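K.L.:
So here's data35.txt (compact mmCIF, C-alpha atoms).
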# COMPACT_ATOMS: atom_id res chain seq x y z
CA MET F 409 28.19 -8.55 -1.06
CA PRO F 410 27.74 -8.79 -4.83
CA GLY F 411 24.74 -6.98 -6.20
CA LEU F 412 24.28 -4.72 -3.18
CA ALA F 413 26.16 -1.65 -4.35
CA HIS F 414 24.24 1.53 -3.63
CA GLN F 415 22.84 3.07 -6.80
CA GLY F 416 21.73 6.65 -7.31
CA GLY F 417 18.01 7.30 -7.73
CA SER F 418 16.27 8.68 -10.77
CA ALA F 419 16.46 12.45 -11.00
CA ASP F 420 13.69 12.96 -13.51
CA GLY F 421 10.08 13.82 -12.73
CA GLU F 422 8.55 16.61 -10.71
CA ASP F 423 5.59 16.74 -8.35
CA SER F 424 3.82 20.08 -8.69
CA ARG F 425 1.67 19.13 -5.71
CA ALA F 426 4.57 18.62 -3.31
CA ASP F 427 3.70 19.56 0.24
CA SER F 428 4.15 23.25 0.97
CA GLY F 429 4.58 22.75 4.74
CA ASP F 430 7.61 23.39 6.90
CA HIS F 431 10.67 21.80 5.31
CA SER F 432 13.04 23.45 7.79
CA ALA F 433 12.70 20.49 10.17
CA ARG F 434 15.63 18.08 10.33
CA ARG F 435 15.95 15.82 7.32
CA LEU F 436 15.29 12.18 8.09
CA ARG F 437 17.38 9.30 6.82
CA ILE F 438 14.93 6.54 5.93
CA ALA F 439 15.63 2.97 4.85
CA MET F 440 12.65 1.74 2.83
CA ILE F 441 12.48 -2.04 2.34
CA ALA F 442 10.17 -3.06 -0.51
CA PRO F 443 8.97 -6.61 -1.25
CA PRO F 444 11.30 -8.51 -3.61
CA PHE F 445 8.87 -9.72 -6.27
CA PHE F 446 8.40 -6.70 -8.55
CA GLU F 447 10.37 -3.64 -9.64
CA LEU F 448 9.38 -0.21 -8.39
CA PRO F 449 7.09 1.12 -9.63
CA PRO F 450 5.50 -2.03 -11.04
CA THR F 451 4.42 -2.11 -14.67
CA GLY F 452 1.33 -4.23 -13.97
CA TYR F 453 0.24 -6.10 -10.87
CA GLY F 454 1.85 -4.91 -7.63
CA GLY F 455 -0.31 -2.76 -5.36
CA VAL F 456 2.16 -2.72 -2.45
CA GLU F 457 5.03 -1.91 -4.78
CA ALA F 458 3.08 0.99 -6.27
CA ILE F 459 2.42 2.40 -2.79
CA VAL F 460 6.07 2.04 -1.79
CA ALA F 461 7.32 3.70 -4.99
CA ASP F 462 4.95 6.65 -4.55
CA LEU F 463 5.88 7.02 -0.88
CA VAL F 464 9.58 7.03 -1.71
CA ASP F 465 9.10 9.78 -4.29
CA GLN F 466 7.01 11.88 -1.93
CA LEU F 467 9.53 11.57 0.90
CA ALA F 468 12.38 12.51 -1.44
CA ASP F 469 10.40 15.54 -2.60
CA ARG F 470 9.94 16.53 1.05
CA GLY F 471 13.73 16.65 1.45
CA HIS F 472 14.41 13.31 3.13
CA ASP F 473 17.31 10.97 2.32
CA VAL F 474 15.77 7.66 1.26
CA LEU F 475 17.66 4.41 0.84
CA LEU F 476 15.44 2.00 -1.12
CA ILE F 477 16.07 -1.73 -0.82
CA GLY F 478 14.28 -3.76 -3.48
CA ALA F 479 14.84 -5.94 -6.53
CA GLY F 480 15.80 -5.41 -10.16
CA ARG F 481 15.83 -1.79 -11.27
CA HIS F 482 13.90 1.18 -9.98
CA ARG F 483 12.44 4.38 -11.35
CA THR F 484 11.98 6.24 -8.09
CA ARG F 485 13.59 9.37 -6.69
CA ALA F 486 15.38 7.52 -3.90
CA ALA F 487 18.85 8.92 -3.24
CA ARG F 488 20.27 5.39 -2.99
CA PHE F 489 19.13 1.97 -4.15
CA CYS F 490 20.20 -1.52 -3.09
CA PRO F 491 19.00 -4.30 -5.42
CA VAL F 492 19.01 -7.58 -3.49
CA PHE F 493 18.05 -9.51 -6.63
CA GLY F 494 19.29 -8.59 -10.10
CA ARG F 495 15.91 -9.66 -11.46
CA PRO F 496 12.77 -9.81 -9.32
CA PRO F 497 11.64 -13.44 -8.75
CA SER F 498 8.09 -12.57 -9.83
CA GLU F 499 7.31 -16.13 -10.87
CA ARG F 500 7.83 -17.19 -7.24
CA LEU F 501 5.44 -14.65 -5.74
CA GLY F 502 4.52 -15.77 -2.23
CA ALA F 503 7.28 -18.38 -1.93
CA PRO F 504 9.14 -18.24 1.40
CA VAL F 505 12.75 -18.65 0.26
CA PRO F 506 13.00 -15.43 -1.82
CA GLU F 507 11.44 -13.57 1.13
CA VAL F 508 14.04 -14.96 3.55
CA ILE F 509 16.96 -14.27 1.19
CA HIS F 510 15.65 -10.74 0.69
CA ALA F 511 15.45 -10.18 4.46
CA ALA F 512 18.98 -11.44 5.04
CA ARG F 513 20.48 -9.33 2.26
CA ALA F 514 18.54 -6.26 3.35
CA ALA F 515 19.92 -6.70 6.87
CA ALA F 516 23.44 -6.96 5.45
CA ALA F 517 22.92 -3.78 3.43
CA LEU F 518 21.81 -1.90 6.56
CA ARG F 519 24.78 -2.86 8.72
CA ASP F 520 27.04 -0.14 7.40
CA VAL F 521 24.56 2.71 6.96
CA ASP F 522 23.32 5.22 9.51
CA VAL F 523 19.59 5.82 9.33
CA ASP F 524 16.94 7.25 11.62
CA ILE F 525 14.17 4.80 10.77
CA VAL F 526 13.62 1.56 8.87
CA HIS F 527 10.26 1.14 7.12
CA ASP F 528 9.74 -2.52 6.19
CA HIS F 529 6.97 -3.64 3.82
CA THR F 530 8.01 -7.30 3.66
CA LEU F 531 6.87 -10.38 5.54
CA ALA F 532 10.13 -11.86 6.80
CA GLY F 533 12.11 -8.64 7.26
CA PRO F 534 10.54 -7.56 10.59
CA LEU F 535 12.04 -10.65 12.26
CA LEU F 536 15.39 -8.82 12.21
CA ALA F 537 14.09 -5.64 13.88
CA PRO F 538 15.13 -6.61 17.48
CA GLY F 539 18.80 -6.28 16.52
CA ARG F 540 18.52 -2.63 15.46
CA ARG F 541 19.13 0.52 17.47
CA VAL F 542 16.64 2.47 15.38
CA PRO F 543 12.89 1.92 15.17
CA THR F 544 11.42 -0.38 12.54
CA VAL F 545 8.04 0.68 11.14
CA VAL F 546 5.98 -2.10 9.58
CA THR F 547 2.95 -1.38 7.41
CA VAL F 548 0.48 -4.26 7.43
CA HIS F 549 -0.73 -4.48 3.83
CA SER F 550 -2.88 -7.57 4.33
CA GLU F 551 -4.98 -8.99 7.13
CA ALA F 552 -3.91 -8.29 10.70
CA ASN F 553 -5.71 -11.25 12.25
CA GLY F 554 -5.45 -15.03 11.91
CA GLU F 555 -1.97 -16.46 11.44
CA LEU F 556 -0.55 -13.13 10.30
CA GLY F 557 -2.01 -11.48 13.39
CA SER F 558 -0.27 -14.07 15.56
CA TYR F 559 2.99 -13.33 13.76
CA TYR F 560 2.75 -9.57 14.34
CA ALA F 561 1.74 -10.15 17.95
CA ALA F 562 4.81 -12.35 18.47
CA LEU F 563 7.02 -9.50 17.24
CA GLY F 564 5.78 -7.45 20.20
CA ASP F 565 7.23 -3.99 20.59
CA SER F 566 10.28 -4.77 18.46
CA VAL F 567 8.32 -3.21 15.59
CA ASP F 568 5.94 -0.25 15.36
CA ILE F 569 2.95 -1.21 13.27
CA VAL F 570 0.95 1.05 10.95
CA ALA F 571 -2.53 0.17 9.72
CA ILE F 572 -3.86 1.14 6.30
CA SER F 573 -7.42 1.46 7.64
CA ASP F 574 -9.16 1.66 10.98
CA ALA F 575 -11.18 -1.40 9.96
CA GLN F 576 -7.97 -3.39 9.65
CA ARG F 577 -6.74 -2.23 13.06
CA SER F 578 -10.05 -2.97 14.77
CA LEU F 579 -9.77 -6.68 13.94
CA ASN F 580 -6.70 -7.01 16.17
CA PRO F 581 -6.53 -3.95 18.45
CA HIS F 582 -3.87 -5.42 20.74
CA LEU F 583 -1.01 -5.24 18.26
CA ASN F 584 1.67 -2.58 18.71
CA TRP F 585 -0.15 -0.07 16.49
CA VAL F 586 1.28 3.44 16.26
CA GLY F 587 -1.10 4.89 13.69
CA THR F 588 -3.40 4.54 10.71
CA VAL F 589 -2.30 5.98 7.38
CA HIS F 590 -4.59 5.38 4.42
CA ASN F 591 -3.04 4.34 1.13
CA ALA F 592 -3.00 6.98 -1.59
CA ILE F 593 -2.49 7.49 -5.31
CA ASP F 594 -1.24 10.23 -7.61
CA VAL F 595 -4.69 11.55 -8.50
CA ALA F 596 -3.31 13.69 -11.33
CA SER F 597 -2.08 10.54 -13.12
CA PHE F 598 -5.61 9.15 -13.42
CA PRO F 599 -7.72 10.52 -16.28
CA TYR F 600 -11.07 12.05 -15.32
CA ARG F 601 -13.97 11.26 -17.63
CA GLU F 602 -17.50 12.50 -17.07
CA ARG F 603 -19.27 10.62 -19.86
CA LYS F 604 -19.13 6.87 -19.34
CA ASP F 605 -19.60 3.79 -21.47
CA ASP F 606 -22.27 1.34 -20.40
CA TYR F 607 -20.12 -1.49 -18.99
CA VAL F 608 -19.31 -2.56 -15.45
CA LEU F 609 -15.65 -3.18 -14.60
CA TRP F 610 -14.14 -5.72 -12.24
CA LEU F 611 -10.40 -5.29 -11.66
CA GLY F 612 -8.23 -7.32 -9.32
CA ARG F 613 -6.74 -10.72 -8.59
CA PHE F 614 -8.77 -13.81 -9.43
CA CYS F 615 -9.69 -15.52 -6.17
CA ASP F 616 -12.77 -16.17 -4.04
CA GLN F 617 -11.97 -13.22 -1.77
CA LYS F 618 -12.25 -10.69 -4.62
CA GLY F 619 -15.63 -11.95 -5.80
CA ALA F 620 -15.34 -11.69 -9.59
CA HIS F 621 -18.06 -14.34 -9.95
CA LEU F 622 -20.44 -12.19 -7.87
CA ALA F 623 -19.65 -9.19 -10.08
CA ILE F 624 -20.59 -11.18 -13.19
CA ASP F 625 -23.82 -12.40 -11.65
CA ALA F 626 -24.78 -8.89 -10.51
CA ALA F 627 -24.03 -7.32 -13.91
CA ARG F 628 -26.06 -10.00 -15.71
CA ALA F 629 -28.99 -9.48 -13.35
CA ALA F 630 -28.81 -5.73 -14.01
CA GLY F 631 -28.71 -6.28 -17.78
CA LEU F 632 -25.26 -4.72 -18.10
CA PRO F 633 -22.10 -6.01 -19.84
CA ILE F 634 -19.04 -6.53 -17.66
CA VAL F 635 -15.31 -6.38 -18.40
CA LEU F 636 -12.92 -8.41 -16.23
CA ALA F 637 -9.24 -7.48 -15.95
CA GLY F 638 -6.92 -9.10 -13.47
CA LYS F 639 -4.02 -11.25 -12.45
CA CYS F 640 -4.41 -14.97 -13.13
CA SER F 641 -0.94 -16.53 -13.08
CA GLU F 642 -0.70 -18.60 -9.90
CA PRO F 643 -2.18 -22.12 -9.68
CA ALA F 644 -4.85 -21.10 -7.17
CA GLU F 645 -5.87 -18.16 -9.36
CA ARG F 646 -6.11 -20.35 -12.45
CA GLY F 647 -8.13 -22.90 -10.52
CA TYR F 648 -10.60 -20.26 -9.37
CA PHE F 649 -10.87 -18.91 -12.91
CA GLU F 650 -11.65 -22.32 -14.39
CA ARG F 651 -14.12 -23.13 -11.63
CA GLU F 652 -16.04 -19.85 -11.35
CA ILE F 653 -15.29 -17.60 -14.33
CA THR F 654 -15.00 -19.82 -17.41
CA PRO F 655 -18.57 -21.15 -17.05
CA ARG F 656 -19.84 -17.57 -16.79
CA LEU F 657 -18.08 -16.18 -19.87
CA GLY F 658 -20.29 -15.17 -22.76
CA PRO F 659 -21.32 -12.29 -25.05
CA SER F 660 -21.84 -9.88 -22.14
CA VAL F 661 -18.80 -11.02 -20.12
CA ARG F 662 -15.38 -10.16 -21.52
CA TYR F 663 -12.01 -11.03 -20.00
CA VAL F 664 -9.15 -8.82 -21.21
CA GLY F 665 -6.26 -10.27 -19.20
CA GLU F 666 -4.04 -8.47 -16.74
CA ALA F 667 -4.16 -4.73 -17.41
CA ASP F 668 -0.99 -2.64 -17.35
CA ALA F 669 -1.01 0.90 -15.96
CA ALA F 670 -2.23 2.53 -19.17
CA GLN F 671 -4.96 -0.01 -19.91
CA LYS F 672 -6.13 0.06 -16.30
CA ARG F 673 -6.63 3.82 -16.46
CA GLN F 674 -8.53 3.57 -19.72
CA LEU F 675 -10.82 0.85 -18.40
CA LEU F 676 -11.46 2.65 -15.10
CA SER F 677 -12.20 6.02 -16.68
CA ARG F 678 -14.73 4.69 -19.18
CA ALA F 679 -16.62 2.27 -16.93
CA ARG F 680 -20.14 2.97 -15.71
CA ALA F 681 -19.12 1.59 -12.30
CA LEU F 682 -16.48 -0.50 -10.59
CA ALA F 683 -17.87 -3.67 -8.99
CA PHE F 684 -16.11 -4.49 -5.72
CA PRO F 685 -17.98 -7.45 -4.16
CA VAL F 686 -15.24 -8.50 -1.74
CA GLN F 687 -15.72 -11.62 0.34
CA TRP F 688 -13.29 -10.80 3.14
CA GLU F 689 -12.41 -7.94 5.45
CA GLU F 690 -10.45 -6.03 2.80
CA PRO F 691 -7.84 -3.86 4.59
CA PHE F 692 -7.96 -1.14 1.94
CA GLY F 693 -8.71 -1.87 -1.72
CA LEU F 694 -6.57 0.50 -3.78
CA VAL F 695 -8.65 -0.02 -6.91
CA MET F 696 -11.58 1.76 -5.23
CA ILE F 697 -9.74 5.08 -5.01
CA GLU F 698 -8.28 4.58 -8.49
CA ALA F 699 -11.80 4.23 -9.89
CA MET F 700 -13.19 7.23 -8.03
CA ALA F 701 -10.20 9.34 -9.15
CA CYS F 702 -11.39 8.66 -12.71
CA GLY F 703 -14.90 9.80 -11.79
CA THR F 704 -16.17 6.22 -11.67
CA PRO F 705 -18.39 5.24 -8.72
CA VAL F 706 -17.77 2.08 -6.71
CA ILE F 707 -20.48 -0.52 -6.07
CA ALA F 708 -19.26 -2.61 -3.16
CA LEU F 709 -20.26 -4.94 -0.37
CA ARG F 710 -20.02 -3.67 3.20
CA ARG F 711 -16.83 -5.46 4.20
CA GLY F 712 -13.58 -4.28 5.73
CA SER F 713 -12.47 -0.78 4.81
CA VAL F 714 -15.22 -0.14 2.23
CA PRO F 715 -17.23 2.27 4.46
CA GLU F 716 -14.02 4.23 5.21
CA ILE F 717 -13.22 4.72 1.54
CA VAL F 718 -16.55 5.00 -0.29
CA ALA F 719 -18.98 7.79 0.60
CA ASP F 720 -22.22 5.83 0.39
CA GLY F 721 -24.72 7.44 -1.97
CA ILE F 722 -22.17 10.03 -3.10
CA THR F 723 -19.12 8.28 -4.57
CA GLY F 724 -20.63 4.83 -4.71
CA ILE F 725 -23.26 2.53 -3.26
CA ILE F 726 -22.52 0.11 -0.43
CA ALA F 727 -24.68 -3.01 -0.45
CA ASP F 728 -25.28 -5.24 2.54
CA ASN F 729 -25.58 -8.46 0.52
CA PRO F 730 -24.99 -9.71 -3.04
CA ALA F 731 -28.72 -9.62 -3.83
CA ALA F 732 -28.60 -5.81 -3.61
CA LEU F 733 -25.75 -5.45 -6.10
CA PRO F 734 -27.78 -5.51 -9.36
CA GLY F 735 -29.98 -2.60 -8.23
CA ALA F 736 -26.92 -0.67 -7.10
CA LEU F 737 -25.21 -1.18 -10.47
CA ALA F 738 -28.32 -0.02 -12.30
CA ALA F 739 -28.45 3.12 -10.13
CA ALA F 740 -24.76 4.02 -10.52
CA TRP F 741 -25.45 6.49 -13.35
CA ARG F 742 -27.15 8.84 -10.87
CA LEU F 743 -23.87 9.52 -9.02
CA ASP F 744 -21.80 12.59 -9.91
CA PRO F 745 -18.35 11.75 -11.39
CA ALA F 746 -16.96 15.12 -10.25
CA ARG F 747 -17.75 14.37 -6.62
CA CYS F 748 -16.04 10.99 -6.94
CA ARG F 749 -12.81 12.62 -8.08
CA GLN F 750 -12.94 15.40 -5.51
CA HIS F 751 -13.45 12.88 -2.73
CA VAL F 752 -10.19 11.14 -3.65
CA ARG F 753 -8.32 14.41 -4.16
CA ASP F 754 -9.35 15.56 -0.69
CA ARG F 755 -8.65 12.33 1.19
CA PHE F 756 -6.40 9.95 -0.73
CA ASP F 757 -3.84 12.00 -2.68
CA LEU F 758 -0.13 11.26 -2.20
CA PRO F 759 0.91 14.28 -0.06
CA ALA F 760 -1.59 13.22 2.63
CA MET F 761 -0.08 9.74 2.88
CA ALA F 762 3.50 11.05 2.97
CA ALA F 763 2.65 13.56 5.70
CA GLY F 764 1.05 10.83 7.81
CA TYR F 765 4.13 8.61 7.61
CA GLU F 766 6.47 11.52 8.18
CA ARG F 767 4.74 12.35 11.47
CA ILE F 768 5.08 8.75 12.62
CA TYR F 769 8.75 8.63 11.61
CA ARG F 770 9.51 11.82 13.53
CA MET F 771 7.68 10.67 16.63
CA LEU F 772 9.56 7.37 16.73
CA ALA F 773 12.97 8.73 15.70
CA GLU F 774 12.86 11.48 18.30
CA GLY F 775 11.90 9.02 21.03
CA SER F 776 14.73 6.71 20.02
CA ARG F 777 17.27 9.55 20.09
CA GLN F 778 16.16 10.57 23.58
CA VAL F 779 16.51 7.02 24.89
CA HIS F 780 20.02 6.64 23.48
CA ALA F 781 21.01 10.03 24.87
CA LEU F 782 19.81 9.05 28.35
CA ALA F 783 21.58 5.70 28.09
CA ALA F 784 24.78 7.58 27.24
CA GLY F 785 24.38 9.77 30.33
CA VAL F 786 23.56 13.05 28.59
CA ALA F 787 20.44 15.12 29.01
CA THR F 788 19.80 15.74 25.32
CA PRO F 789 20.99 14.04 22.14
CA GLY F 790 24.43 15.20 21.12
CA PRO F 791 26.03 15.18 17.66
CA ARG F 792 25.06 12.20 15.57
CA HIS F 793 27.65 9.52 14.97
CA ALA F 794 27.94 6.40 12.90
CA ALA F 795 25.78 3.48 13.96
CA PRO F 796 27.26 1.47 16.88
CA ALA F 797 28.42 -2.10 16.54
CA ARG F 798 25.45 -4.32 15.90
CA HIS F 799 26.27 -6.61 18.85
CA ALA F 800 26.30 -3.77 21.38
CA ALA F 801 23.78 -3.93 24.21
CA LEU F 802 20.58 -2.22 23.15
CA PRO F 803 18.92 0.25 25.52
CA ARG F 804 15.25 -0.21 26.23
CA ARG F 805 12.99 1.32 23.59
CA PRO F 806 10.94 4.35 24.62
CA VAL F 807 7.32 4.09 25.66
CA LEU F 808 5.59 6.11 22.97
CA PRO F 809 1.98 7.17 22.49
CA LYS F 810 -0.01 4.44 20.78
CA PHE F 811 -3.18 4.51 18.72
CA VAL F 812 -2.22 7.76 17.04
CA SER F 813 -4.31 8.06 13.91
CA TRP F 814 -3.90 10.34 10.91
CA PRO F 815 -6.94 9.63 8.75
CA ALA F 816 -6.78 10.89 5.21
CA GLY F 817 -7.81 14.51 4.84
CA ARG F 818 -6.80 15.47 8.39
CA ARG F 819 -3.02 15.64 8.12
Mind turning this structure into structure tokens?

P.N.:
Amino acid sequence: MPGLAHQGGSADGEDSRADSGDHSARRLRIAMIAPPFFELPPTGYGGVEAIVADLVDQLADRGHDVLLIGAGRHRTRAARFCPVFGRPPSERLGAPVPEVIHAARAAAALRDVDVDIVHDHTLAGPLLAPGRRVPTVVTVHSEANGELGSYYAALGDSVDIVAISDAQRSLNPHLNWVGTVHNAIDVASFPYRERKDDYVLWLGRFCDQKGAHLAIDAARAAGLPIVLAGKCSEPAERGYFEREITPRLGPSVRYVGEADAAQKRQLLSRARALAFPVQWEEPFGLVMIEAMACGTPVIALRRGSVPEIVADGITGIIADNPAALPGALAAAWRLDPARCRQHVRDRFDLPAMAAGYERIYRMLAEGSRQVHALAAGVATPGPRHAAPARHAALPRRPVLPKFVSWPAGRR
């Protein structure tokens, strides 16, 4: 298939914090399927893509053979790369057809490779999991209830689902969960700054769920200026901006556009506090750990994963309603920036996330090997061979322990 030639990964870059654990265990062959809308790592918006790129690099550093399937170019340390699109269709973010094309081409790329595990971060891709002889891990990066919850429930045990927070998992506990692995960041890449400027920062995607209008109102009530930086390119985002943000702009409210990686770090490190007034059950909220890594406390509403991520009264203040946000913003200066950074270093640094996924991969891959060995009439798995024909009868998947959780800081 044109455009699907395997490409070697980037060899540059070192991680001085690479895990020092036992690397004598058998190397895993992992197929990592990224969403198709942005390159890896992304240069601006793209939280899922940033997580996938960091995970790929960490797994490569731990000695695993990673095949990355994505779009455009990549700057990861994956041993092999399959670009399903020559240029990411970023302007069609959320459209179904690029997702379906991506899933079909990813499946074609996997037909002739032998892997131990497939880790799929896309929406449509998991539909093809029942035809595989190896386990498919799916990380749910958005809500796990509502229509999406019905979708994951319909997939049944054809996929093994990982949550990014216990709060996310608790909203739909009957899915085929195999663990919780918190998202993580490269803490060393975020600048720590103890002395702050006197502005509040809101950083995200412009929509009702993210609550930028509440952040403006809270900052105004606290007598503090606020800087807004975020994605505003889709029609719904532009509509929200015109409806809720434009009328609130003024001398103390400044919109700086969508921040790239460098500008985001500068804004986060200098802010008095990050305002995070989410209006939904946020599964994780990567910007919270990015802010705390810079020594910037988080002022947030008690929704979704916020209590799992923010240490209330230590690395931020969690408010029960919007009326409490102005007082929390005014009190943010009392919190210690050093404790904010240490909290993220201890719980949300990249090696912790990679170790959590590695344990899940090994558990599932070993169970799959045992099942295939039993189906072949041998007591233990013999020498590994090329993948069988894709139309061969598939033995029943193993019954594996569920609800295994590796919270950050305990891996």

K.L.:
Could you check how far CA of Met700 (chain F) sits from CA of Gly455 (chain F), in Å to one decimal?

P.N.:
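Spanning CA of Met700 (chain F) to CA of Gly455 (chain F) is a straight-line distance of 16.5 Å.
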
K.L.:
Counting only C-alpha atoms, which residue out of F:Ala644, F:Ala503, F:Leu632, F:Leu448 sits closest to Gln617 (chain F)?

P.N.:
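Closest residue, counting only C-alpha atoms: F:Ala644.
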
K.L.:
Would you be able to write out as a list in words which residues have an atom within 7 Å of (-18.1, 9.1, -7.4) in the file's coordinates, counting all atoms listed in the file?

P.N.:
Met700, Gly703, Thr704, Pro705, Ile722, Thr723, Gly724, Leu743, Asp744, Pro745, Ala746, Arg747, Cys748 and Arg749 of chain F

K.L.:
Put those residues in a file: C-alpha atoms, as an mmCIF file, in the frame of the given file.

P.N.:
data_model
loop_
_atom_site.group_PDB
_atom_site.id
_atom_site.type_symbol
_atom_site.label_atom_id
_atom_site.label_comp_id
_atom_site.auth_asym_id
_atom_site.auth_seq_id
_atom_site.Cartn_x
_atom_site.Cartn_y
_atom_site.Cartn_z
ATOM 1 C CA MET F 700 -13.190 7.230 -8.030
ATOM 2 C CA GLY F 703 -14.900 9.800 -11.790
ATOM 3 C CA THR F 704 -16.170 6.220 -11.670
ATOM 4 C CA PRO F 705 -18.390 5.240 -8.720
ATOM 5 C CA ILE F 722 -22.170 10.030 -3.100
ATOM 6 C CA THR F 723 -19.120 8.280 -4.570
ATOM 7 C CA GLY F 724 -20.630 4.830 -4.710
ATOM 8 C CA LEU F 743 -23.870 9.520 -9.020
ATOM 9 C CA ASP F 744 -21.800 12.590 -9.910
ATOM 10 C CA PRO F 745 -18.350 11.750 -11.390
ATOM 11 C CA ALA F 746 -16.960 15.120 -10.250
ATOM 12 C CA ARG F 747 -17.750 14.370 -6.620
ATOM 13 C CA CYS F 748 -16.040 10.990 -6.940
ATOM 14 C CA ARG F 749 -12.810 12.620 -8.080
#

K.L.:
Compare F:Leu636, F:Val686, F:Ala575, F:Ala630 by their minimum atom-to-atom distance to Val589 (chain F), counting all atoms listed in the file, and give me the closest one.

P.N.:
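The closest residue to Val589 (chain F) is F:Ala575.
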
K.L.:
I'd like the interatomic distance between CA of Phe756 (chain F) and CA of Ile593 (chain F), to a tenth of an Å.

P.N.:
6.5 Å

K.L.:
Give me, as a PDB file with C-alpha atoms, keeping the file's coordinate frame, all polymer residues having an atom no more than 10 Å from Leu694 (chain F), counting all atoms listed in the file and skipping those fewer than 6 positions away in the same chain.

P.N.:
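Saved file out.pdb follows:
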ATOM      1  CA  GLY F 455      -0.310  -2.760  -5.360  1.00  0.00           C
ATOM      2  CA  VAL F 456       2.160  -2.720  -2.450  1.00  0.00           C
ATOM      3  CA  ALA F 458       3.080   0.990  -6.270  1.00  0.00           C
ATOM      4  CA  ILE F 459       2.420   2.400  -2.790  1.00  0.00           C
ATOM      5  CA  HIS F 590      -4.590   5.380   4.420  1.00  0.00           C
ATOM      6  CA  ASN F 591      -3.040   4.340   1.130  1.00  0.00           C
ATOM      7  CA  ALA F 592      -3.000   6.980  -1.590  1.00  0.00           C
ATOM      8  CA  ILE F 593      -2.490   7.490  -5.310  1.00  0.00           C
ATOM      9  CA  GLY F 612      -8.230  -7.320  -9.320  1.00  0.00           C
ATOM     10  CA  ILE F 717     -13.220   4.720   1.540  1.00  0.00           C
ATOM     11  CA  PHE F 756      -6.400   9.950  -0.730  1.00  0.00           C
TER      12      PHE F 756
END

K.L.:
Rounded to one decimal in Å, what is the spacing between CA of Arg646 (chain F) and CA of Leu676 (chain F)?

P.N.:
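Atom-to-atom, CA of Arg646 (chain F) and CA of Leu676 (chain F) are spaced 23.8 Å apart.
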
K.L.:
Give me the residues near Ala731 (chain F) as a list in words, where near means some atom within 10 Å (using all atoms listed in the file) and where sequence neighbours in that chain fewer than 5 positions away do not count.

P.N.:
Leu622, Asp625, Ala626, Ala629 and Ala736 of chain F

K.L.:
Identify which of the residues F:Thr654, F:Arg673, F:Tyr559, F:Val752 lies closest to Ala719 (chain F), counting all atoms listed in the file when measuring atom-to-atom distances.

P.N.:
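Between F:Thr654, F:Arg673, F:Tyr559, F:Val752, the residue approaching Ala719 (chain F) most closely is F:Val752.
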
K.L.:
Of the candidates F:Ala623, F:Ala486, F:Pro633, F:Gln778, which one gets nearest to Ile707 (chain F) if we count only C-alpha atoms?

P.N.:
F:Ala623

K.L.:
Looking at all atoms listed in the file, which of F:Leu709, F:Ala738, F:Val492, F:Ala439 is the one that sits closest to Leu476 (chain F)?

P.N.:
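Nearest candidate to Leu476 (chain F) out of F:Leu709, F:Ala738, F:Val492, F:Ala439: F:Ala439.
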
K.L.:
Might you pull out every residue within 7 Å of Tyr600 (chain F), with only C-alpha atoms counted and same-chain residues fewer than 5 positions away left off, and present them as a ChimeraX atom specification?

P.N.:
/F:677,701-703
